[in-house]
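Structure record follows, encoded as structure tokens.
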Amino acid sequence: MTGEVHREPIFSYTAGGMKELLELKQLSFKYPDYPGLEFPQLFSNINLTLNKGDFRIVLGKPESGKTTLSRIITGLIPRYTGGVLTGSILLNGKTTAELKPYELIEQAGTVFQNPDEQIITTRCDTEIAFPMESLGWERTIMTKRIDAALHDTDISRLKTRNPATLSGGEKKKLLIASLFALDPDVWILDETLEELDPASVQMILTQILQKEKTVLLLASKNPKIPENIQALYSVFSEGELFHRENLPEHSYQELLEQEGLVIPGNSTSFSLPVTLKKENKNGELLLQIRNVRYSYEGNREFSLTIDNLSLHKGEILSIVGENGSGKSTLGKILSGLIQPSSGDISIRNGEYMQSATAQALNAFTGFLFQNPDSQIFLPTVKEELSFNLDLDEHVLSDTIQLFSLPGKDVPPALMSYGARKRLQGAVYYLLAKRLYIIDEADSGLSINDYSNIISLLKKKNAALIIITHNMELSRFFSDRTYIMERGAIIKTIEKNQFSRVQTYFDTIKGNQ
């Protein structure tokens with residue numbers, strides 16, 4: 001990528017140890033059918049071996065089976081979901097059927113795609129302590145491991161914070177810290193890197209690999225990882241798992257492109273929707289922020305300070321920055337969910353700009369949360385899409401098709417995380433807001449799904465704010481990029497200066 005700064009590896013890491021830690025043999029799985037939702041065979045005859053020290057990346061589009069595979073290995077599926085599982089899973093030479101739950105926890109740890117499904121306590125230090133307490137560890141050992149884990153993930157300042165007050169990326173760091181403390185042999189990371197800033201990815205992967213951990217990383221897009229990591233790659237495609245080392249290189253690349261798992265290196269080869277290919281001609285001013293200030297009660301370490309921000313009709317703006325820099329907080333203010341302590345936010349009302357109340361901002365802005373489950377609450381797709389709307393069957397059917405949803409009578413609770421994000425996008429598409437804020441929506445979505453959501457929302461003649469850590473997505477989709485740090489916008493990057501965004505993050509990474 002243009003603007004990348006070359007550095008020598010911090011350490012040398014080579015995949016492929018001698019000891020077989022995890023073996024999957026002829027693994028096949030199918031979920032049970034439900035009324036209105038029939039599940040096909042998810043995958044068949046999966047074979048995979050992880051040796052000590054391996055770093056294996058398994059790529060696959062949403063609904064390909066990545067999350068299911070992670071939960072089969074850790075004993076959660078089919079124990080709690082039902083379904084038909086055949087084949088065998090061996091950890092350290094023993095089948096998982098032979099292992100008691102506490103033995104599984106000590107040997108294979110996981111970070112869920114949605115951290116809110118995994119966090120259960122009201123303080124960060126007690127969250128890290130919980131699995132160790134469950135195993136009956138001594139208090140002195142737990143205390144030392146908690147402090148070390150917080151330090152290794154650079155979240156010591158969050159020790160006594162309630163996890164509910166953390167950003168999505170900070171929650172994932174907390175769960176990674178729990179694995180550092182527990183110290184299992186095999187780490188299973190389900191879409192874990194997507195909500196982390198590049199500096200945090202570098203730091204955490206360095207820590208994991210210095211400890212010679214065995215890693216299975218599951219991702220919907222080819223992740224950007226440090227060059228010194230010699231990763232092994234596999235791809236889910238049509239229910240089968242293909243390993244890069246068993247394929248000719250051209251076949252592997254074709255498989256990635258076929259499954260929509262890579263962002264090509266230049267925009268001319270990237271199949272953007274027509275709406276996004278057109279030269280963007282920004283319209284009238286829609287939003288103006290002046291001297292906005294905000295602080296969370298009881299949190300003296302963070303305050304938001306936005307001196308000036310403007311947005312025009314039809315414009316796509318990206319906001320990037322380290323985890324906890326205030327991106328989501330700004331989104332909540334612009335959607336009227338929290339009120340600033342001072343400053344002014346003006347929005348267009350007809351021919352004029354006028355100062356907006358929280359109620360006016362809520363009507364003006366659609367805010368797609370990081371976690372779709374914070375906004376989806378009704379029993380079927382149809383009810384979710386039709387809530388407070390007089391929606392005829394034709395519009396309902398078209399919307400389901402546009403967002404690749406499984407059907408109107410399907411319960412969202414039975415849909416994948418990516419499908420729930422598409423449903424979240426469909427809801428706001430029908431609400432027709434003037435401004436859409438998309439908070440880390442790329443996590444768990446394929447490039448094509450993400451591009452489709454942005455394209456469909458842009459057709460509403462609205463402005464978009466994209467909150468992301470993916471620099472390539474920022475480059476492809478946005479007209480401007482704002483970089484946030486410690487609650488403030490510190491840089492503005494125009495589209496033709498994208499390399500400066502990457503250089504900024506490389507600088508941070510080099511100072512870790």
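Each chain of the structure tokens is named A, B, ... in the order shown, its residues numbered from 1; ligands are numbered from 1 in display order.
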Quick one: pick out all helix (DSSP H, G or I) residues within segment 243-417 of chain A from a backbone DSSP run and write them as an mmCIF file with N, CA, C and O atoms, in the first residue's frame.
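File out-v9.cif, as written:
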data_model
loop_
_atom_site.group_PDB
_atom_site.id
_atom_site.type_symbol
_atom_site.label_atom_id
_atom_site.label_comp_id
_atom_site.auth_asym_id
_atom_site.auth_seq_id
_atom_site.Cartn_x
_atom_site.Cartn_y
_atom_site.Cartn_z
ATOM 1 N N ARG A 244 -4.672 -23.204 1.688
ATOM 2 C CA ARG A 244 -3.827 -22.566 0.679
ATOM 3 C C ARG A 244 -2.641 -23.444 0.289
ATOM 4 O O ARG A 244 -2.254 -23.496 -0.882
ATOM 5 N N GLU A 245 -2.057 -24.131 1.267
ATOM 6 C CA GLU A 245 -0.863 -24.931 0.979
ATOM 7 C C GLU A 245 -1.153 -26.109 0.063
ATOM 8 O O GLU A 245 -0.226 -26.702 -0.510
ATOM 9 N N ASN A 246 -2.431 -26.442 -0.104
ATOM 10 C CA ASN A 246 -2.809 -27.557 -0.981
ATOM 11 C C ASN A 246 -3.295 -27.100 -2.352
ATOM 12 O O ASN A 246 -3.732 -27.929 -3.158
ATOM 13 N N GLU A 249 -1.289 -21.251 -6.415
ATOM 14 C CA GLU A 249 -1.528 -19.884 -5.968
ATOM 15 C C GLU A 249 -2.646 -19.207 -6.755
ATOM 16 O O GLU A 249 -3.475 -18.488 -6.182
ATOM 17 N N HIS A 250 -2.697 -19.427 -8.067
ATOM 18 C CA HIS A 250 -3.747 -18.780 -8.858
ATOM 19 C C HIS A 250 -5.131 -19.279 -8.453
ATOM 20 O O HIS A 250 -6.115 -18.532 -8.455
ATOM 21 N N SER A 251 -5.244 -20.561 -8.081
ATOM 22 C CA SER A 251 -6.531 -21.114 -7.645
ATOM 23 C C SER A 251 -6.957 -20.507 -6.311
ATOM 24 O O SER A 251 -8.141 -20.218 -6.089
ATOM 25 N N TYR A 252 -5.974 -20.302 -5.434
ATOM 26 C CA TYR A 252 -6.266 -19.695 -4.137
ATOM 27 C C TYR A 252 -6.777 -18.266 -4.321
ATOM 28 O O TYR A 252 -7.785 -17.860 -3.719
ATOM 29 N N GLN A 253 -6.113 -17.477 -5.166
ATOM 30 C CA GLN A 253 -6.524 -16.101 -5.395
ATOM 31 C C GLN A 253 -7.909 -16.039 -6.051
ATOM 32 O O GLN A 253 -8.729 -15.178 -5.717
ATOM 33 N N GLU A 254 -8.166 -16.937 -6.982
ATOM 34 C CA GLU A 254 -9.477 -16.990 -7.628
ATOM 35 C C GLU A 254 -10.565 -17.310 -6.604
ATOM 36 O O GLU A 254 -11.676 -16.775 -6.659
ATOM 37 N N LEU A 255 -10.243 -18.186 -5.670
ATOM 38 C CA LEU A 255 -11.193 -18.563 -4.628
ATOM 39 C C LEU A 255 -11.520 -17.355 -3.743
ATOM 40 O O LEU A 255 -12.682 -17.108 -3.397
ATOM 41 N N LEU A 256 -10.511 -16.565 -3.380
ATOM 42 C CA LEU A 256 -10.733 -15.368 -2.573
ATOM 43 C C LEU A 256 -11.641 -14.375 -3.297
ATOM 44 O O LEU A 256 -12.572 -13.815 -2.703
ATOM 45 N N GLU A 257 -11.365 -14.158 -4.577
ATOM 46 C CA GLU A 257 -12.172 -13.209 -5.344
ATOM 47 C C GLU A 257 -13.595 -13.724 -5.550
ATOM 48 O O GLU A 257 -14.566 -12.965 -5.458
ATOM 49 N N GLN A 258 -13.716 -15.022 -5.793
ATOM 50 C CA GLN A 258 -15.033 -15.630 -5.985
ATOM 51 C C GLN A 258 -15.898 -15.472 -4.741
ATOM 52 O O GLN A 258 -17.108 -15.212 -4.827
ATOM 53 N N GLU A 259 -15.279 -15.596 -3.569
ATOM 54 C CA GLU A 259 -16.029 -15.509 -2.318
ATOM 55 C C GLU A 259 -16.154 -14.069 -1.809
ATOM 56 O O GLU A 259 -16.794 -13.832 -0.779
ATOM 57 N N SER A 267 -8.669 0.791 -6.924
ATOM 58 C CA SER A 267 -10.119 0.943 -7.071
ATOM 59 C C SER A 267 -10.611 0.597 -8.469
ATOM 60 O O SER A 267 -11.783 0.343 -8.664
ATOM 61 N N THR A 268 -9.717 0.597 -9.481
ATOM 62 C CA THR A 268 -10.170 0.312 -10.841
ATOM 63 C C THR A 268 -10.612 -1.131 -10.999
ATOM 64 O O THR A 268 -11.439 -1.450 -11.843
ATOM 65 N N SER A 269 -10.056 -2.026 -10.173
ATOM 66 C CA SER A 269 -10.434 -3.434 -10.290
ATOM 67 C C SER A 269 -11.495 -3.837 -9.286
ATOM 68 O O SER A 269 -11.934 -4.978 -9.256
ATOM 69 N N VAL A 274 -22.785 1.167 -8.983
ATOM 70 C CA VAL A 274 -22.814 2.349 -9.848
ATOM 71 C C VAL A 274 -22.935 3.628 -9.029
ATOM 72 O O VAL A 274 -22.284 4.629 -9.309
ATOM 73 N N THR A 275 -23.746 3.598 -7.972
ATOM 74 C CA THR A 275 -23.945 4.813 -7.165
ATOM 75 C C THR A 275 -22.653 5.314 -6.555
ATOM 76 O O THR A 275 -22.505 6.498 -6.322
ATOM 77 N N LEU A 276 -21.735 4.406 -6.261
ATOM 78 C CA LEU A 276 -20.488 4.801 -5.621
ATOM 79 C C LEU A 276 -19.383 5.064 -6.634
ATOM 80 O O LEU A 276 -18.357 5.636 -6.294
ATOM 81 N N LYS A 277 -19.560 4.619 -7.870
ATOM 82 C CA LYS A 277 -18.560 4.867 -8.904
ATOM 83 C C LYS A 277 -18.614 6.314 -9.393
ATOM 84 O O LYS A 277 -17.629 6.881 -9.815
ATOM 85 N N LYS A 327 -15.189 7.984 18.761
ATOM 86 C CA LYS A 327 -15.931 7.901 17.495
ATOM 87 C C LYS A 327 -17.406 7.573 17.728
ATOM 88 O O LYS A 327 -18.298 8.243 17.199
ATOM 89 N N SER A 328 -17.672 6.530 18.502
ATOM 90 C CA SER A 328 -19.063 6.134 18.764
ATOM 91 C C SER A 328 -19.786 7.176 19.611
ATOM 92 O O SER A 328 -20.992 7.402 19.445
ATOM 93 N N THR A 329 -19.066 7.815 20.529
ATOM 94 C CA THR A 329 -19.667 8.875 21.339
ATOM 95 C C THR A 329 -20.164 10.011 20.454
ATOM 96 O O THR A 329 -21.273 10.518 20.628
ATOM 97 N N LEU A 330 -19.344 10.394 19.477
ATOM 98 C CA LEU A 330 -19.764 11.429 18.535
ATOM 99 C C LEU A 330 -21.010 10.981 17.765
ATOM 100 O O LEU A 330 -21.944 11.772 17.570
ATOM 101 N N GLY A 331 -21.040 9.703 17.351
ATOM 102 C CA GLY A 331 -22.213 9.182 16.658
ATOM 103 C C GLY A 331 -23.467 9.262 17.499
ATOM 104 O O GLY A 331 -24.553 9.613 16.998
ATOM 105 N N LYS A 332 -23.347 8.971 18.780
ATOM 106 C CA LYS A 332 -24.508 9.025 19.673
ATOM 107 C C LYS A 332 -25.013 10.452 19.860
ATOM 108 O O LYS A 332 -26.218 10.694 19.961
ATOM 109 N N ILE A 333 -24.092 11.397 19.905
ATOM 110 C CA ILE A 333 -24.493 12.803 20.026
ATOM 111 C C ILE A 333 -25.231 13.257 18.766
ATOM 112 O O ILE A 333 -26.278 13.906 18.838
ATOM 113 N N LEU A 334 -24.700 12.885 17.602
ATOM 114 C CA LEU A 334 -25.307 13.311 16.343
ATOM 115 C C LEU A 334 -26.663 12.655 16.092
ATOM 116 O O LEU A 334 -27.443 13.141 15.273
ATOM 117 N N ALA A 358 -32.217 17.290 20.709
ATOM 118 C CA ALA A 358 -31.955 15.850 20.670
ATOM 119 C C ALA A 358 -33.054 15.134 19.886
ATOM 120 O O ALA A 358 -32.780 14.198 19.116
ATOM 121 N N GLN A 359 -34.307 15.566 20.064
ATOM 122 C CA GLN A 359 -35.429 14.954 19.348
ATOM 123 C C GLN A 359 -35.295 15.168 17.841
ATOM 124 O O GLN A 359 -35.533 14.250 17.043
ATOM 125 N N ALA A 360 -34.897 16.378 17.433
ATOM 126 C CA ALA A 360 -34.729 16.666 16.006
ATOM 127 C C ALA A 360 -33.592 15.841 15.415
ATOM 128 O O ALA A 360 -33.689 15.342 14.282
ATOM 129 N N LEU A 361 -32.507 15.674 16.151
ATOM 130 C CA LEU A 361 -31.378 14.866 15.677
ATOM 131 C C LEU A 361 -31.781 13.403 15.536
ATOM 132 O O LEU A 361 -31.352 12.723 14.604
ATOM 133 N N ASN A 362 -32.616 12.928 16.440
ATOM 134 C CA ASN A 362 -33.070 11.541 16.377
ATOM 135 C C ASN A 362 -33.900 11.283 15.133
ATOM 136 O O ASN A 362 -33.828 10.210 14.525
ATOM 137 N N ALA A 363 -34.683 12.280 14.729
ATOM 138 C CA ALA A 363 -35.488 12.145 13.513
ATOM 139 C C ALA A 363 -34.634 12.310 12.257
ATOM 140 O O ALA A 363 -34.942 11.739 11.213
ATOM 141 N N PHE A 364 -33.571 13.081 12.369
ATOM 142 C CA PHE A 364 -32.716 13.417 11.236
ATOM 143 C C PHE A 364 -31.717 12.303 10.906
ATOM 144 O O PHE A 364 -31.376 12.079 9.740
ATOM 145 N N PRO A 372 -25.646 -5.088 16.350
ATOM 146 C CA PRO A 372 -27.022 -5.035 15.830
ATOM 147 C C PRO A 372 -28.059 -5.469 16.856
ATOM 148 O O PRO A 372 -29.219 -5.056 16.777
ATOM 149 N N ASP A 373 -27.657 -6.291 17.831
ATOM 150 C CA ASP A 373 -28.614 -6.793 18.811
ATOM 151 C C ASP A 373 -29.092 -5.696 19.763
ATOM 152 O O ASP A 373 -30.060 -5.894 20.501
ATOM 153 N N SER A 374 -28.416 -4.553 19.756
ATOM 154 C CA SER A 374 -28.880 -3.417 20.557
ATOM 155 C C SER A 374 -30.064 -2.715 19.896
ATOM 156 O O SER A 374 -30.716 -1.871 20.515
ATOM 157 N N VAL A 381 -38.419 -11.126 10.970
ATOM 158 C CA VAL A 381 -37.883 -10.125 10.051
ATOM 159 C C VAL A 381 -38.978 -9.162 9.609
ATOM 160 O O VAL A 381 -38.781 -7.940 9.565
ATOM 161 N N LYS A 382 -40.156 -9.685 9.286
ATOM 162 C CA LYS A 382 -41.258 -8.834 8.837
ATOM 163 C C LYS A 382 -41.642 -7.808 9.898
ATOM 164 O O LYS A 382 -41.812 -6.614 9.590
ATOM 165 N N GLU A 383 -41.780 -8.236 11.134
ATOM 166 C CA GLU A 383 -42.163 -7.316 12.207
ATOM 167 C C GLU A 383 -41.076 -6.271 12.440
ATOM 168 O O GLU A 383 -41.376 -5.106 12.722
ATOM 169 N N GLU A 384 -39.814 -6.682 12.320
ATOM 170 C CA GLU A 384 -38.710 -5.745 12.509
ATOM 171 C C GLU A 384 -38.729 -4.665 11.423
ATOM 172 O O GLU A 384 -38.593 -3.473 11.705
ATOM 173 N N LEU A 385 -38.920 -5.077 10.174
ATOM 174 C CA LEU A 385 -38.933 -4.125 9.063
ATOM 175 C C LEU A 385 -40.177 -3.251 9.065
ATOM 176 O O LEU A 385 -40.138 -2.099 8.624
ATOM 177 N N SER A 386 -41.291 -3.786 9.559
ATOM 178 C CA SER A 386 -42.571 -3.072 9.495
ATOM 179 C C SER A 386 -42.864 -2.226 10.720
ATOM 180 O O SER A 386 -43.886 -1.539 10.772
ATOM 181 N N GLU A 393 -46.695 -5.584 1.089
ATOM 182 C CA GLU A 393 -45.945 -6.818 0.864
ATOM 183 C C GLU A 393 -44.904 -6.672 -0.244
ATOM 184 O O GLU A 393 -43.845 -7.297 -0.200
ATOM 185 N N HIS A 394 -45.203 -5.832 -1.234
ATOM 186 C CA HIS A 394 -44.254 -5.651 -2.338
ATOM 187 C C HIS A 394 -42.964 -4.991 -1.846
ATOM 188 O O HIS A 394 -41.858 -5.438 -2.176
ATOM 189 N N VAL A 395 -43.115 -3.918 -1.073
ATOM 190 C CA VAL A 395 -41.940 -3.216 -0.531
ATOM 191 C C VAL A 395 -41.174 -4.140 0.416
ATOM 192 O O VAL A 395 -39.934 -4.183 0.414
ATOM 193 N N LEU A 396 -41.912 -4.882 1.233
ATOM 194 C CA LEU A 396 -41.283 -5.831 2.157
ATOM 195 C C LEU A 396 -40.455 -6.858 1.400
ATOM 196 O O LEU A 396 -39.284 -7.113 1.733
ATOM 197 N N SER A 397 -41.036 -7.433 0.366
ATOM 198 C CA SER A 397 -40.340 -8.455 -0.425
ATOM 199 C C SER A 397 -39.100 -7.878 -1.106
ATOM 200 O O SER A 397 -38.031 -8.509 -1.118
ATOM 201 N N ASP A 398 -39.218 -6.671 -1.669
ATOM 202 C CA ASP A 398 -38.079 -6.029 -2.341
ATOM 203 C C ASP A 398 -36.947 -5.751 -1.356
ATOM 204 O O ASP A 398 -35.762 -5.949 -1.677
ATOM 205 N N THR A 399 -37.303 -5.294 -0.160
ATOM 206 C CA THR A 399 -36.285 -4.976 0.843
ATOM 207 C C THR A 399 -35.551 -6.234 1.300
ATOM 208 O O THR A 399 -34.323 -6.231 1.457
ATOM 209 N N ILE A 400 -36.292 -7.310 1.510
ATOM 210 C CA ILE A 400 -35.679 -8.588 1.892
ATOM 211 C C ILE A 400 -34.689 -9.042 0.833
ATOM 212 O O ILE A 400 -33.584 -9.518 1.137
ATOM 213 N N GLN A 401 -35.068 -8.861 -0.429
ATOM 214 C CA GLN A 401 -34.178 -9.254 -1.528
ATOM 215 C C GLN A 401 -32.960 -8.344 -1.623
ATOM 216 O O GLN A 401 -31.833 -8.813 -1.809
ATOM 217 N N LEU A 402 -33.167 -7.039 -1.488
ATOM 218 C CA LEU A 402 -32.068 -6.075 -1.592
ATOM 219 C C LEU A 402 -30.989 -6.337 -0.551
ATOM 220 O O LEU A 402 -29.792 -6.164 -0.821
ATOM 221 N N PRO A 412 -34.987 -13.191 13.844
ATOM 222 C CA PRO A 412 -33.618 -12.665 13.810
ATOM 223 C C PRO A 412 -32.673 -13.397 14.748
ATOM 224 O O PRO A 412 -31.473 -13.500 14.461
ATOM 225 N N ALA A 413 -33.194 -13.917 15.855
ATOM 226 C CA ALA A 413 -32.340 -14.625 16.817
ATOM 227 C C ALA A 413 -31.688 -15.867 16.218
ATOM 228 O O ALA A 413 -30.663 -16.334 16.716
ATOM 229 N N LEU A 414 -32.280 -16.404 15.134
ATOM 230 C CA LEU A 414 -31.722 -17.591 14.492
ATOM 231 C C LEU A 414 -30.836 -17.233 13.300
ATOM 232 O O LEU A 414 -30.286 -18.122 12.647
ATOM 233 N N TYR A 417 -24.738 -13.351 12.721
ATOM 234 C CA TYR A 417 -24.395 -11.980 13.120
ATOM 235 C C TYR A 417 -24.384 -11.063 11.903
ATOM 236 O O TYR A 417 -24.909 -9.951 11.936
#
Residues flagged strand (DSSP E or B) by DSSP in segment 40-226 of chain A, as a ChimeraX atom specification: /A:43-51,55-59,84-91,94-95,108-111,186-190,214-219
message: Would you pick out the contacts of segment 28-43 of chain A at 10 Å or less, using only C-alpha atoms, so that residues sharing its chain but fewer than 6 positions from it are not included, and give the list as JSON, numbers by chain?
response: {"A": [63, 64, 65, 66, 68, 69, 72, 77, 78, 81, 82, 83, 84, 85, 86, 87, 88, 236, 237, 238, 239, 240, 241, 406, 407, 408, 409, 410, 411, 414, 415]}
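Residues with any atom within 7 Å of Asn47 of chain A, counting only C-alpha atoms and excluding same-chain neighbours fewer than 5 positions away, are Leu24, Lys25, Gln26 and Leu27 of chain A.
A straight line drawn from atom CA of Tyr233 of chain A to atom CA of Asp183 of chain A is 23.9 Å long.
Atom pair atom CA of Leu435 of chain A / atom CA of Gly350 of chain A has a distance of 14.8 Å (rounded to one decimal).
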message: Could you list, as a list of chain:residue names, every residue within 10 Å of Asp152 of chain A, counting only C-alpha atoms and ignoring same-chain residues fewer than 5 positions away?
response: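 Answer for this query is A:Ile146, A:Asp147, A:Lys173, A:Ile176, A:Ala177, A:Phe180, A:Ala181, A:Met203, A:Ile204, A:Thr206, A:Gln207, A:Ile208.
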field: Contact residues around Ile57 of chain A with only C-alpha atoms at 7 Å, ignoring same-chain residues under 3 positions, as a PyMOL selection string
entry: chain A and resi 216-218+231-234
- line: In Å and to one decimal, atom CA of Arg290 of chain A is distant from atom CA of Ile345 of chain A by 6.5 Å
- request: Go through A:Gln230, A:Ile490, A:Leu196, A:Phe377 and flag the residue nearest Asn308 of chain A, using only C-alpha atoms for the distances.
  value: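 Among the listed residues, the smallest separation from Asn308 of chain A belongs to A:Ile490.
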Dump as a Markdown table the rows for residues of segment 196-313 of chain A within 10 Å of segment 319-324 of chain A: closest atom pair and distance in Å with one decimal, only C-alpha atoms counted, ordered by chain and rising residue number.
| residue | atom | partner | partner_atom | distance |
| --- | --- | --- | --- | --- |
| A:Leu196 | CA | A:Asn323 | CA | 6.4 |
| A:Asp197 | CA | A:Glu322 | CA | 5.1 |
| A:Pro198 | CA | A:Glu322 | CA | 7.9 |
| A:Ala199 | CA | A:Glu322 | CA | 7.6 |
| A:Ser200 | CA | A:Glu322 | CA | 7.9 |
| A:Phe302 | CA | A:Gly324 | CA | 8.5 |
Top pick for closest residue to Leu337 of chain A, considering A:Thr365, A:Leu391, A:Glu440, A:Glu472 and counting only C-alpha atoms: A:Thr365
Just the residues within 6 Å of Leu90 of chain A, please, counting only C-alpha atoms, with nothing from its chain fewer than 6 positions along; format it as a CSV table (one decimal) with N, CA, C and O atoms, in the first residue's frame.
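What follows is the written file result-v3.csv:
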chain,number,residue,atom,x,y,z
A,22,LEU,N,-4.6,-29.3,17.9
A,22,LEU,CA,-6.0,-29.4,17.5
A,22,LEU,C,-6.2,-30.1,16.2
A,22,LEU,O,-5.4,-29.8,15.2
A,23,GLU,N,-7.0,-31.1,16.1
A,23,GLU,CA,-7.3,-31.9,14.9
A,23,GLU,C,-8.8,-32.0,14.6
A,23,GLU,O,-9.5,-32.4,15.5
A,96,THR,N,-13.1,-34.0,22.1
A,96,THR,CA,-13.7,-33.0,23.0
A,96,THR,C,-14.9,-33.7,23.7
A,96,THR,O,-15.3,-33.2,24.8
- prompt: Of the candidates A:His151, A:Arg71, A:Arg123, A:His469, which one gets nearest to Met484 of chain A if we count only C-alpha atoms?
  reply: A:His469
- request: Counting only C-alpha atoms, figure out which residue out of A:Lys433, A:Lys211, A:His312, A:Lys144 gets nearest to Leu368 of chain A.
  value: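 Using only C-alpha atoms, the shortest distance to Leu368 of chain A belongs to A:Lys433.
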